[in-house]
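Novice: If it helps, the file is called final32.txt and holds compact mmCIF, C-alpha atoms and all ligand atoms:
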# COMPACT_ATOMS: atom_id res chain seq x y z
CA MET A 1 -8.73 13.38 8.51
CA VAL A 2 -10.58 11.45 5.79
CA VAL A 3 -8.45 10.66 2.76
CA PRO A 4 -9.97 9.44 -0.52
CA HIS A 5 -8.70 5.93 -1.21
CA ASP A 6 -8.00 6.77 -4.85
CA ASN A 7 -5.50 9.43 -3.80
CA TRP A 8 -2.37 7.39 -3.21
CA THR A 9 -0.10 10.36 -2.58
CA ALA A 10 -2.40 11.88 0.02
CA LEU A 11 -2.93 8.52 1.69
CA ARG A 12 0.79 7.90 1.82
CA GLU A 13 1.50 11.33 3.28
CA ALA A 14 -1.25 10.94 5.87
CA GLU A 15 -0.02 7.48 6.88
CA THR A 16 3.58 8.70 7.07
CA ALA A 17 2.59 11.54 9.37
CA ARG A 18 0.52 9.20 11.54
CA MET A 19 3.36 6.71 11.85
CA LEU A 20 5.95 9.36 12.67
CA ALA A 21 3.70 10.71 15.42
CA ALA A 22 2.75 7.32 16.85
CA CYS A 23 5.98 5.34 16.80
CA THR A 24 7.89 5.42 20.07
CA ARG A 25 10.90 3.50 18.67
CA CYS A 26 10.38 0.78 21.24
CA GLY A 27 11.85 -1.75 18.80
CA GLU A 28 9.28 -4.52 19.34
CA CYS A 29 8.61 -4.80 15.61
CA PHE A 30 12.29 -5.42 14.98
CA ARG A 31 12.57 -7.88 17.86
CA VAL A 32 9.82 -10.17 16.49
CA CYS A 33 10.67 -9.89 12.78
CA PRO A 34 11.37 -13.32 11.24
CA MET A 35 13.24 -11.79 8.29
CA ILE A 36 16.25 -10.58 10.27
CA ALA A 37 17.83 -13.92 9.38
CA HIS A 38 17.96 -12.62 5.80
CA ALA A 39 19.38 -9.20 6.67
CA PRO A 40 22.92 -9.75 8.01
CA ALA A 41 23.58 -6.02 8.31
CA ALA A 42 20.60 -5.69 10.64
CA GLN A 43 21.46 -8.58 12.93
CA GLY A 44 22.34 -7.48 16.43
CA ALA A 45 21.19 -3.93 15.81
CA ASP A 46 19.66 -1.87 18.58
CA GLY A 47 15.88 -1.93 18.08
CA SER A 48 15.37 1.74 18.80
CA ALA A 49 18.21 2.80 16.52
CA ILE A 50 17.17 0.64 13.59
CA VAL A 51 13.57 1.84 13.79
CA GLY A 52 14.95 5.37 13.86
CA GLY A 53 16.73 4.59 10.60
CA VAL A 54 13.49 3.31 9.10
CA LEU A 55 11.71 6.50 10.15
CA ASP A 56 14.49 8.45 8.45
CA LEU A 57 13.97 6.47 5.25
CA LEU A 58 10.25 7.13 5.60
CA GLN A 59 10.99 10.86 5.48
CA GLY A 60 13.30 10.65 2.48
CA GLY A 61 16.57 10.29 4.39
CA ALA A 62 19.27 7.74 3.72
CA GLY A 63 18.83 5.78 6.95
CA ASP A 64 21.82 3.62 7.84
CA GLU A 65 23.08 0.27 6.62
CA ALA A 66 21.12 -1.73 9.20
CA SER A 67 17.81 0.02 8.57
CA ARG A 68 18.21 -0.26 4.80
CA ALA A 69 18.98 -3.96 5.13
CA TRP A 70 15.95 -4.60 7.33
CA THR A 71 13.65 -2.55 5.11
CA SER A 72 14.88 -4.41 2.04
CA ALA A 73 14.37 -7.80 3.70
CA CYS A 74 10.75 -7.15 4.71
CA THR A 75 8.54 -9.78 3.08
CA ARG A 76 5.33 -8.60 4.75
CA SER A 77 4.94 -11.54 7.10
CA GLY A 78 2.86 -9.28 9.35
CA VAL A 79 4.33 -10.74 12.54
CA CYS A 80 5.20 -7.20 13.63
CA VAL A 81 1.65 -5.86 13.34
CA PRO A 82 0.18 -7.32 16.57
CA ALA A 83 3.51 -6.80 18.36
CA CYS A 84 3.31 -3.03 18.03
CA PRO A 85 1.88 -1.46 21.20
CA LYS A 86 0.94 1.73 19.34
CA ALA A 87 -0.96 0.22 16.39
CA VAL A 88 1.49 1.81 13.98
CA ASN A 89 1.34 -1.12 11.54
CA PRO A 90 5.10 -1.57 11.22
CA MET A 91 4.63 -3.77 8.15
CA MET A 92 3.13 -0.80 6.32
CA MET A 93 5.73 1.51 7.85
CA LEU A 94 8.50 -0.60 6.30
CA ARG A 95 6.61 -0.76 3.02
CA LEU A 96 6.26 3.01 2.80
CA ALA A 97 9.88 3.48 3.89
CA LYS A 98 10.95 1.14 1.10
CA PHE A 99 8.89 3.02 -1.50
CA ARG A 100 10.47 6.31 -0.48
CA ALA A 101 13.97 4.88 -0.26
CA GLN A 102 13.66 3.37 -3.72
CA GLU A 103 12.39 6.64 -5.13
CA GLY A 104 15.32 8.52 -3.60
CA GLY A 105 17.94 5.91 -4.46
CA ALA A 106 18.81 4.87 -0.89
CA ILE A 107 17.63 1.32 -1.71
CA PRO A 108 17.99 -0.21 -5.19
CA PRO A 109 14.70 -0.35 -7.13
CA ARG A 110 14.58 -4.12 -7.10
CA ASP A 111 16.80 -6.67 -5.46
CA SER A 112 15.37 -10.18 -5.38
CA ARG A 113 18.56 -12.16 -4.92
CA ASP A 114 17.39 -13.72 -1.67
CA ALA A 115 13.65 -13.60 -2.42
CA MET A 116 13.15 -17.39 -2.39
CA ALA A 117 14.84 -17.77 0.98
CA ARG A 118 12.58 -15.07 2.43
CA VAL A 119 9.49 -16.65 0.86
CA LYS A 120 10.41 -19.96 2.56
CA THR A 121 10.71 -18.18 5.89
CA PHE A 122 7.33 -16.58 5.27
CA ALA A 123 5.76 -19.91 4.26
CA ARG A 124 7.11 -21.62 7.38
CA LEU A 125 5.02 -19.24 9.48
CA THR A 126 1.84 -20.56 7.90
CA MET A 127 2.51 -24.30 8.05
CA THR A 128 2.19 -27.08 10.58
CA GLU A 129 5.23 -29.28 11.24
CA GLU A 130 3.76 -31.98 9.01
CA GLU A 131 3.06 -29.57 6.16
CA TRP A 132 6.56 -28.14 6.45
CA GLU A 133 8.12 -31.61 6.27
CA ARG A 134 6.11 -32.43 3.14
CA TRP A 135 6.85 -29.07 1.47
CA GLN A 136 10.61 -29.09 1.85
S1 LIG A 201 6.41 0.61 14.91
FE1 LIG A 201 5.43 0.04 16.86
S2 LIG A 201 6.62 -1.75 17.58
FE2 LIG A 201 7.88 -0.69 16.01
S3 LIG A 201 9.19 0.71 17.19
FE3 LIG A 201 7.35 1.87 16.54
S4 LIG A 201 5.94 1.71 18.30
FE4 LIG A 201 7.49 0.10 18.58
Translate the structure described by the file into structure tokens.
Specialist:
Amino acid sequence: MVVPHDNWTALREAETARMLAACTRCGECFRVCPMIAHAPAAQGADGSAIVGGVLDLLQGGAGDEASRAWTSACTRSGVCVPACPKAVNPMMMLRLAKFRAQEGGAIPPRDSRDAMARVKTFARLTMTEEEWERWQ
């Protein structure tokens, strides 16, 4: 199906349907995510279960505490994208789940209390040891 790029709603619906059909809940995206350190409620979660919660959020459900925490913590590092064996694009999956959850009230519209800590984690992924030492 070809979706016009100026039709955000149609694009979002099409991507949601694609992701729901493609994701096997293997949990690889969760396993490699560097932002779990900033989502205490998601730490130690079962990968399949937490992805199931994200897919619920994606469909307008309430998810569970762990999936909401992980979705909120996503800083779009993109580490999950090549880890996904089904080319789902988990980074976008979490983004769309967050949009829907914020619209429905499952996740607060904006919560940036730990934003700087997550940005530092993101930045660390892009730096050499020397650059990291200088930056801190
Ligand atoms: S998005 Fe990809 S990596 Fe994550 S659970 Fe689904 S299939 Fe696995």
Novice: Kindly assemble as a Markdown table a list of the chain A residues that lie within 10 Å of ligand LIG 201 (chain A), each paired with its nearest atom pair and their distance in Å to one decimal, using all atoms listed in the file, sorted first by chain and then by ascending residue number.
Specialist:
| residue | atom | partner | partner_atom | distance |
| --- | --- | --- | --- | --- |
| A:Met19 | CA | A:LIG201 | S1 | 7.5 |
| A:Leu20 | CA | A:LIG201 | FE3 | 8.5 |
| A:Ala21 | CA | A:LIG201 | FE3 | 9.6 |
| A:Ala22 | CA | A:LIG201 | S4 | 6.6 |
| A:Cys23 | CA | A:LIG201 | FE3 | 3.7 |
| A:Thr24 | CA | A:LIG201 | S4 | 4.5 |
| A:Arg25 | CA | A:LIG201 | S3 | 3.6 |
| A:Cys26 | CA | A:LIG201 | FE4 | 4.0 |
| A:Gly27 | CA | A:LIG201 | S3 | 4.0 |
| A:Glu28 | CA | A:LIG201 | S2 | 4.2 |
| A:Cys29 | CA | A:LIG201 | S2 | 4.1 |
| A:Phe30 | CA | A:LIG201 | FE2 | 6.5 |
| A:Arg31 | CA | A:LIG201 | S2 | 8.5 |
| A:Val32 | CA | A:LIG201 | S2 | 9.1 |
| A:Gly47 | CA | A:LIG201 | S3 | 7.2 |
| A:Ser48 | CA | A:LIG201 | S3 | 6.5 |
| A:Ala49 | CA | A:LIG201 | S3 | 9.3 |
| A:Ile50 | CA | A:LIG201 | S3 | 8.8 |
| A:Val51 | CA | A:LIG201 | S3 | 5.7 |
| A:Gly52 | CA | A:LIG201 | S3 | 8.1 |
| A:Val54 | CA | A:LIG201 | S3 | 9.5 |
| A:Leu55 | CA | A:LIG201 | FE3 | 9.0 |
| A:Cys80 | CA | A:LIG201 | S2 | 6.9 |
| A:Val81 | CA | A:LIG201 | S2 | 7.7 |
| A:Pro82 | CA | A:LIG201 | S2 | 8.6 |
| A:Ala83 | CA | A:LIG201 | S2 | 6.0 |
| A:Cys84 | CA | A:LIG201 | S2 | 3.6 |
| A:Pro85 | CA | A:LIG201 | FE1 | 5.8 |
| A:Lys86 | CA | A:LIG201 | S4 | 5.1 |
| A:Ala87 | CA | A:LIG201 | FE1 | 6.4 |
| A:Val88 | CA | A:LIG201 | S1 | 5.1 |
| A:Asn89 | CA | A:LIG201 | S1 | 6.3 |
| A:Pro90 | CA | A:LIG201 | S1 | 4.5 |
| A:Met91 | CA | A:LIG201 | S1 | 8.2 |
| A:Met92 | CA | A:LIG201 | S1 | 9.3 |
| A:Met93 | CA | A:LIG201 | S1 | 7.1 |
| A:Leu94 | CA | A:LIG201 | S1 | 8.9 |
Novice: Of the residues A:Arg12, A:Arg18, A:Arg113, A:Arg118, which is the one nearest to Cys74 (chain A), using all atoms listed in the file?
Specialist: A:Arg118
Novice: Would you compute the distance between CA of Arg76 (chain A) and CA of Arg124 (chain A)? Give it in Å to one decimal.
Specialist: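 Computed distance, CA of Arg76 (chain A) to CA of Arg124 (chain A), equals 13.4 Å.
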Novice: How many Å separate CA of Ser72 (chain A) from CA of Arg95 (chain A)?
Specialist: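 Here the two named atoms are 9.1 Å from each other.
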Novice: Have a look at A:Ala115, A:Leu11, A:Ala101, A:Ala17 and name the one nearest to Gly61 (chain A); count only C-alpha atoms.
Specialist: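 Comparing A:Ala115, A:Leu11, A:Ala101, A:Ala17 against Gly61 (chain A), the winner is A:Ala101.
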Novice: Can you pull out every residue within 12 Å of Trp135 (chain A), counting all atoms listed in the file, but drop anything in the same chain fewer than 5 positions away, and send it as a PDB file with C-alpha atoms, in the frame of the given file?
Specialist:
ATOM      1  CA  LYS A 120      10.410 -19.960   2.560  1.00  0.00           C
ATOM      2  CA  ALA A 123       5.760 -19.910   4.260  1.00  0.00           C
ATOM      3  CA  ARG A 124       7.110 -21.620   7.380  1.00  0.00           C
ATOM      4  CA  THR A 126       1.840 -20.560   7.900  1.00  0.00           C
ATOM      5  CA  MET A 127       2.510 -24.300   8.050  1.00  0.00           C
ATOM      6  CA  THR A 128       2.190 -27.080  10.580  1.00  0.00           C
ATOM      7  CA  GLU A 129       5.230 -29.280  11.240  1.00  0.00           C
ATOM      8  CA  GLU A 130       3.760 -31.980   9.010  1.00  0.00           C
TER       9      GLU A 130
END
Novice: Any idea what the distance is between CA of Gln59 (chain A) and CA of Pro34 (chain A)?
Specialist: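 Going from CA of Gln59 (chain A) over to CA of Pro34 (chain A), I get 24.9 Å.
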Novice: My list of candidates is A:Phe99, A:Thr9, A:Val119, A:Pro108. Which is closest to Met35 (chain A) when distances are computed with only C-alpha atoms?
Specialist: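 Using only C-alpha atoms, the shortest distance to Met35 (chain A) belongs to A:Val119.
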Novice: From the list A:Ala117, A:Ala14, A:Ala106, A:Leu58, which residue is nearest Ala37 (chain A) when using only C-alpha atoms?
Specialist: A:Ala117
Novice: Considering only C-alpha atoms, return as a list in words whatever protein or nucleic-acid residues lie within 7 Å of Gly53 (chain A), sequence-local ones (same chain, fewer than 4 positions apart) excluded.
Specialist: Ala49, Leu57, Gly63, Asp64 and Ser67 of chain A
Novice: Give me the residues near Ala42 (chain A) as a list in words, where near means some atom within 8 Å (using all atoms listed in the file) and where sequence neighbours in that chain fewer than 4 positions away do not count.
Specialist: Ile36, Ile50, Glu65, Ala66, Ser67, Ala69 and Trp70 of chain A
Novice: Smallest atom-to-atom distance to Glu13 (chain A): which of A:Ala73, A:Pro40, A:Arg100, A:Glu133, using all atoms listed in the file?
Specialist: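 Result for the nearest residue to Glu13 (chain A): A:Arg100.
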